[in-house]
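The structure appears below as structure tokens.
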Protein chains: 2
Amino acid sequence: MLYAGFMSAAPPSAPTPQEPAESPQLLQLGLDDDEPCLRADAARNRARLLEAAAGLVAARGADAVTMEEVAAAAGVGKGTVFRRFGDRTGLLMALLDHSEKKLQAAFLNGPPPLGPGAPPAERLRAFGRAALRRTVEDLNLQLAAEPDAGRRFTVPPYRVRHHHVSMLLRQAVPDADCDVLAHTLLTQLDPALVHHLMHQCGMPAQRLEDAWTDLVDRITGTTA
Amino acid sequence: MLYAGFMSAAPPSAPTPQEPAESPQLLQLGLDDDEPCLRADAARNRARLLEAAAGLVAARGADAVTMEEVAAAAGVGKGTVFRRFGDRTGLLMALLDHSEKKLQAAFLNGPPPLGPGAPPAERLRAFGRAALRRTVEDLNLQLAAEPDAGRRFTVPPYRVRHHHVSMLLRQAVPDADCDVLAHTLLTQLDPALVHHLMHQCGMPAQRLEDAWTDLVDRITGTTA
DNA sequence: CTGCAAAGCGGACCCCGGTCCGCATTGTGT
DNA sequence: ACACAATGCGGACCGGGGTCCGCTTTGCAG
């Protein structure tokens, strides 16, 4: 039962038939809410927990909040939190779920240049810009939600991003090892790195966006 | 006192006057041992702890070993471990220190193509190859030693590597944002990623080396 | 050799994430 | 309406990382 609560972050919203294999087997026409079918009380508690957690995090910062506090604030027992969200990371990721899904929707079905329709290199540039901006929005939470080293790359949101970038790369530079290259690109959007560069090195957000663009240019060979 | 024990991993061995600013102010002619000047008993305990830790880790795997066990095996109190090494990560990093220092020495003063003398792009390729191989050697330990998100980029060994790669990049592609680019390159050597690619995706080590080479080529523009 | 400050020691202690299991709630079939 | 699985609940409990502070050891100065 270690992974409970992770499904909340996984599935993108809809298939996109216009481009080859845009989102493969993990399609699932998304009703906005997740969690297959929860018993009435369970659903209520889940909602309460998310609300309580959001409140506490907003008030005191993510890593000053303990799981027990969240449980108490939601008026449920500690066990309930863990059963629903698996672990601390799971709860925190659930808080980010909505915003992540919005981004996913945007690059999976949204309008170009983020969504399908634009040339791959341009979609890549747009993707980085969008992801970067979203990351900057609530860096702290995202930092606290970072899963431990062992799971960083297996967590659903990351997989979706990787799949997407990998696909765009295959279109732009068919002769490269796009799977690995996609990871390389994605690590430049890693909250921990963004935090380091902005808050510890004092770089402005713009510079990160520029660096992303430059990297995409170098990798794809395009210079636009 | 949070950072105690981290100096053990920091300083490279010697300045290299033959190349511009090879290792800037953090030069310090290195006697092989570190830890400024430890009281007799302290030094003895430190050694015992490292030995005990190494033994336990080798025997049962890094993350099956508790700090208390290490302390007990070394015949000292728990507090001593933490005073000496700061935290769990600190202890684990200390175990890796020797091997890391060897690598540092190799790319700071060693013979080309790793050390000074070869053209920067080639040094970069050699660096990745060497770092990758070292990482693969004791992946588990390295995985367990990974510091939490907040410190990943401020920990001395990383800084040294970053400084080095950054410098080589500045020589190879003066017009790029080498500071950021260096981070991007380095993340491809991250133990967590290497683990993921090799053990969860089943890639052979050779493929990672090739991917590194390819990435360096793309970024520097060289194709050798 | 002796005295004394500084450095080090160690284990009791705290905290928090995560688990477990006996009990309560649900909702379904009849 | 009732019974009875199945699902969920919650708080006691555990383990391990990290801290603290009264005591010991060290080593220097006289």
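Chain lettering (A, B, ...) mirrors the order of the structure tokens, residue numbering begins at 1 for each chain separately, and ligand numbering begins at 1 in order of display.
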Find the residues near DC16 in chain C: any atom within 9 Å, counting only C-alpha atoms (C1' of nucleotides), skip ones fewer than 3 places away on the same chain, and give them as a PyMOL selection string.
chain A and resi 66-68
Counting only C-alpha atoms (C1' of nucleotides), give me one row per residue of chain C with an atom at most 12 Å from an atom of chain B, showing the shortest contact pair and its distance in Å to one decimal, sorted by chain then residue number, as JSON lines.
```
{"residue": "C:DA6", "atom": "C1'", "partner": "B:Arg39", "partner_atom": "CA", "distance": 10.9}
{"residue": "C:DA7", "atom": "C1'", "partner": "B:Arg39", "partner_atom": "CA", "distance": 7.5}
{"residue": "C:DG8", "atom": "C1'", "partner": "B:Ala42", "partner_atom": "CA", "distance": 6.9}
{"residue": "C:DC9", "atom": "C1'", "partner": "B:Thr80", "partner_atom": "CA", "distance": 6.6}
{"residue": "C:DG10", "atom": "C1'", "partner": "B:Gly77", "partner_atom": "CA", "distance": 4.6}
{"residue": "C:DG11", "atom": "C1'", "partner": "B:Gly77", "partner_atom": "CA", "distance": 6.8}
{"residue": "C:DA12", "atom": "C1'", "partner": "B:Gly79", "partner_atom": "CA", "distance": 11.1}
```
Counting only C-alpha atoms, figure out which residue out of B:Met167, B:Ala106, B:Val155, B:Ala94 gets nearest to His196 in chain A.
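Ranking B:Met167, B:Ala106, B:Val155, B:Ala94 by distance to His196 in chain A, first place goes to B:Val155.
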Sel. of helix (DSSP H, G or I) residues, range 45-219 of chain A, as a PyMOL selection string:
chain A and resi 45-60+62-64+67-74+78-85+88-109+120-137+139-145+156-172+178-187+191-200+205-219
Given the choices D:DC13, D:DC21, D:DA1, D:DA6, which gets closest to DC20 in chain C if the distance is worked out from only C-alpha atoms (C1' of nucleotides)?
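The answer is D:DC13, which sits nearest to DC20 in chain C.
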Tell me, as a VMD selection string, which residues lie within 9 Å of Pro119 in chain B, counting only C-alpha atoms (C1' of nucleotides); anything in the same chain fewer than 5 positions away does not count.
chain B and resid 113 124 168 171 to 172
Please dump the current selection as a JSON list (two decimals), in the first residue's frame; keep C-alpha atoms.
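Output file selection-v9.json follows:
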```json
[["chain", "number", "residue", "atom", "x", "y", "z"],
["B", 113, "PRO", "CA", 42.61, 14.23, -21.51],
["B", 124, "LEU", "CA", 34.54, 17.46, -20.81],
["B", 168, "LEU", "CA", 35.69, 24.15, -19.35],
["B", 171, "GLN", "CA", 36.58, 27.93, -22.80],
["B", 172, "ALA", "CA", 34.58, 25.86, -25.25]]
```
Report the closest atom pair, with its distance in Å rounded to one decimal, for each residue of chain A that has an atom no farther than 6 Å from chain B; count only C-alpha atoms, sort by chain and then rising residue number, and write it as CSV.
```
residue,atom,partner,partner_atom,distance
A:Ala149,CA,B:Ala192,CA,5.6
A:Thr184,CA,B:Gln188,CA,5.9
A:Gln188,CA,B:Thr184,CA,5.9
A:Ala192,CA,B:Ala149,CA,5.6
A:Arg218,CA,B:Ile219,CA,5.6
A:Ile219,CA,B:Arg218,CA,5.6
```
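Residue list for chain D within 8 Å of chain A: D:DT7, D:DG8, D:DC9, D:DG10, D:DG11, counting only C-alpha atoms (C1' of nucleotides).
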Restricting the output to N, CA, C and O atoms (P, O5', C5', C4', C3', O3' and C1' of nucleotides), write the selected residues as a PDB file, in the first residue's frame.
```
ATOM      1  P    DT D   7     -13.929  -3.560  -0.620  1.00  0.00           P
ATOM      2  O5'  DT D   7     -13.732  -2.089  -0.047  1.00  0.00           O
ATOM      3  C5'  DT D   7     -14.880  -1.249   0.085  1.00  0.00           C
ATOM      4  C4'  DT D   7     -14.709  -0.291   1.228  1.00  0.00           C
ATOM      5  C3'  DT D   7     -13.289   0.281   1.372  1.00  0.00           C
ATOM      6  O3'  DT D   7     -13.343   1.635   0.950  1.00  0.00           O
ATOM      7  C1'  DT D   7     -14.316  -0.185   3.479  1.00  0.00           C
ATOM      8  P    DG D   8     -12.035   2.570   1.099  1.00  0.00           P
ATOM      9  O5'  DG D   8     -12.254   3.190   2.564  1.00  0.00           O
ATOM     10  C5'  DG D   8     -13.545   3.690   2.894  1.00  0.00           C
ATOM     11  C4'  DG D   8     -13.557   4.151   4.336  1.00  0.00           C
ATOM     12  C3'  DG D   8     -12.360   5.009   4.748  1.00  0.00           C
ATOM     13  O3'  DG D   8     -12.843   6.109   5.491  1.00  0.00           O
ATOM     14  C1'  DG D   8     -12.641   3.241   6.271  1.00  0.00           C
ATOM     15  P    DC D   9     -11.872   7.247   5.987  1.00  0.00           P
ATOM     16  O5'  DC D   9     -11.787   6.905   7.538  1.00  0.00           O
ATOM     17  C5'  DC D   9     -12.987   6.899   8.282  1.00  0.00           C
ATOM     18  C4'  DC D   9     -12.686   6.655   9.736  1.00  0.00           C
ATOM     19  C3'  DC D   9     -11.583   7.526  10.318  1.00  0.00           C
ATOM     20  O3'  DC D   9     -12.106   8.208  11.430  1.00  0.00           O
ATOM     21  C1'  DC D   9     -11.216   5.222  10.820  1.00  0.00           C
ATOM     22  P    DG D  10     -11.414   9.520  11.935  1.00  0.00           P
ATOM     23  O5'  DG D  10     -10.462   8.977  13.087  1.00  0.00           O
ATOM     24  C5'  DG D  10     -11.057   8.385  14.233  1.00  0.00           C
ATOM     25  C4'  DG D  10      -9.986   7.824  15.131  1.00  0.00           C
ATOM     26  C3'  DG D  10      -8.786   8.761  15.326  1.00  0.00           C
ATOM     27  O3'  DG D  10      -8.362   8.659  16.667  1.00  0.00           O
ATOM     28  C1'  DG D  10      -8.043   6.713  14.520  1.00  0.00           C
ATOM     29  P    DG D  11      -8.182   9.876  17.595  1.00  0.00           P
ATOM     30  O5'  DG D  11      -7.562   9.257  18.917  1.00  0.00           O
ATOM     31  C5'  DG D  11      -7.937   7.938  19.362  1.00  0.00           C
ATOM     32  C4'  DG D  11      -6.700   7.086  19.514  1.00  0.00           C
ATOM     33  C3'  DG D  11      -5.459   7.846  20.001  1.00  0.00           C
ATOM     34  O3'  DG D  11      -4.705   6.962  20.806  1.00  0.00           O
ATOM     35  C1'  DG D  11      -4.945   6.787  18.035  1.00  0.00           C
TER      36       DG D  11
END
```
Separating CA of Val65 in chain A from CA of Ala131 in chain A, to the nearest tenth of an Å, is a gap of 26.1 Å
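Every protein, DNA or RNA residue with an atom at most 12 Å from DC28 in chain D, where only C-alpha atoms (C1' of nucleotides) count and chain neighbours fewer than 5 positions away do not, is listed here: DT2, DG3, DC4, DA5 and DA6 of chain C.
For the atom pair formed by C1' of DC23 in chain D and CA of Ala43 in chain B, the distance is 20.3 Å, given to one decimal.
When only C-alpha atoms (C1' of nucleotides) are used to compute distances to DG17 in chain D, the closest of the residues C:DT30, C:DA24, C:DC14, C:DT19 turns out to be C:DC14.
Of the listed residues (A:Val173, A:Pro157, A:Arg133, A:Ala126), A:Arg133 comes nearest to Pro204 in chain A; the distances count only C-alpha atoms.
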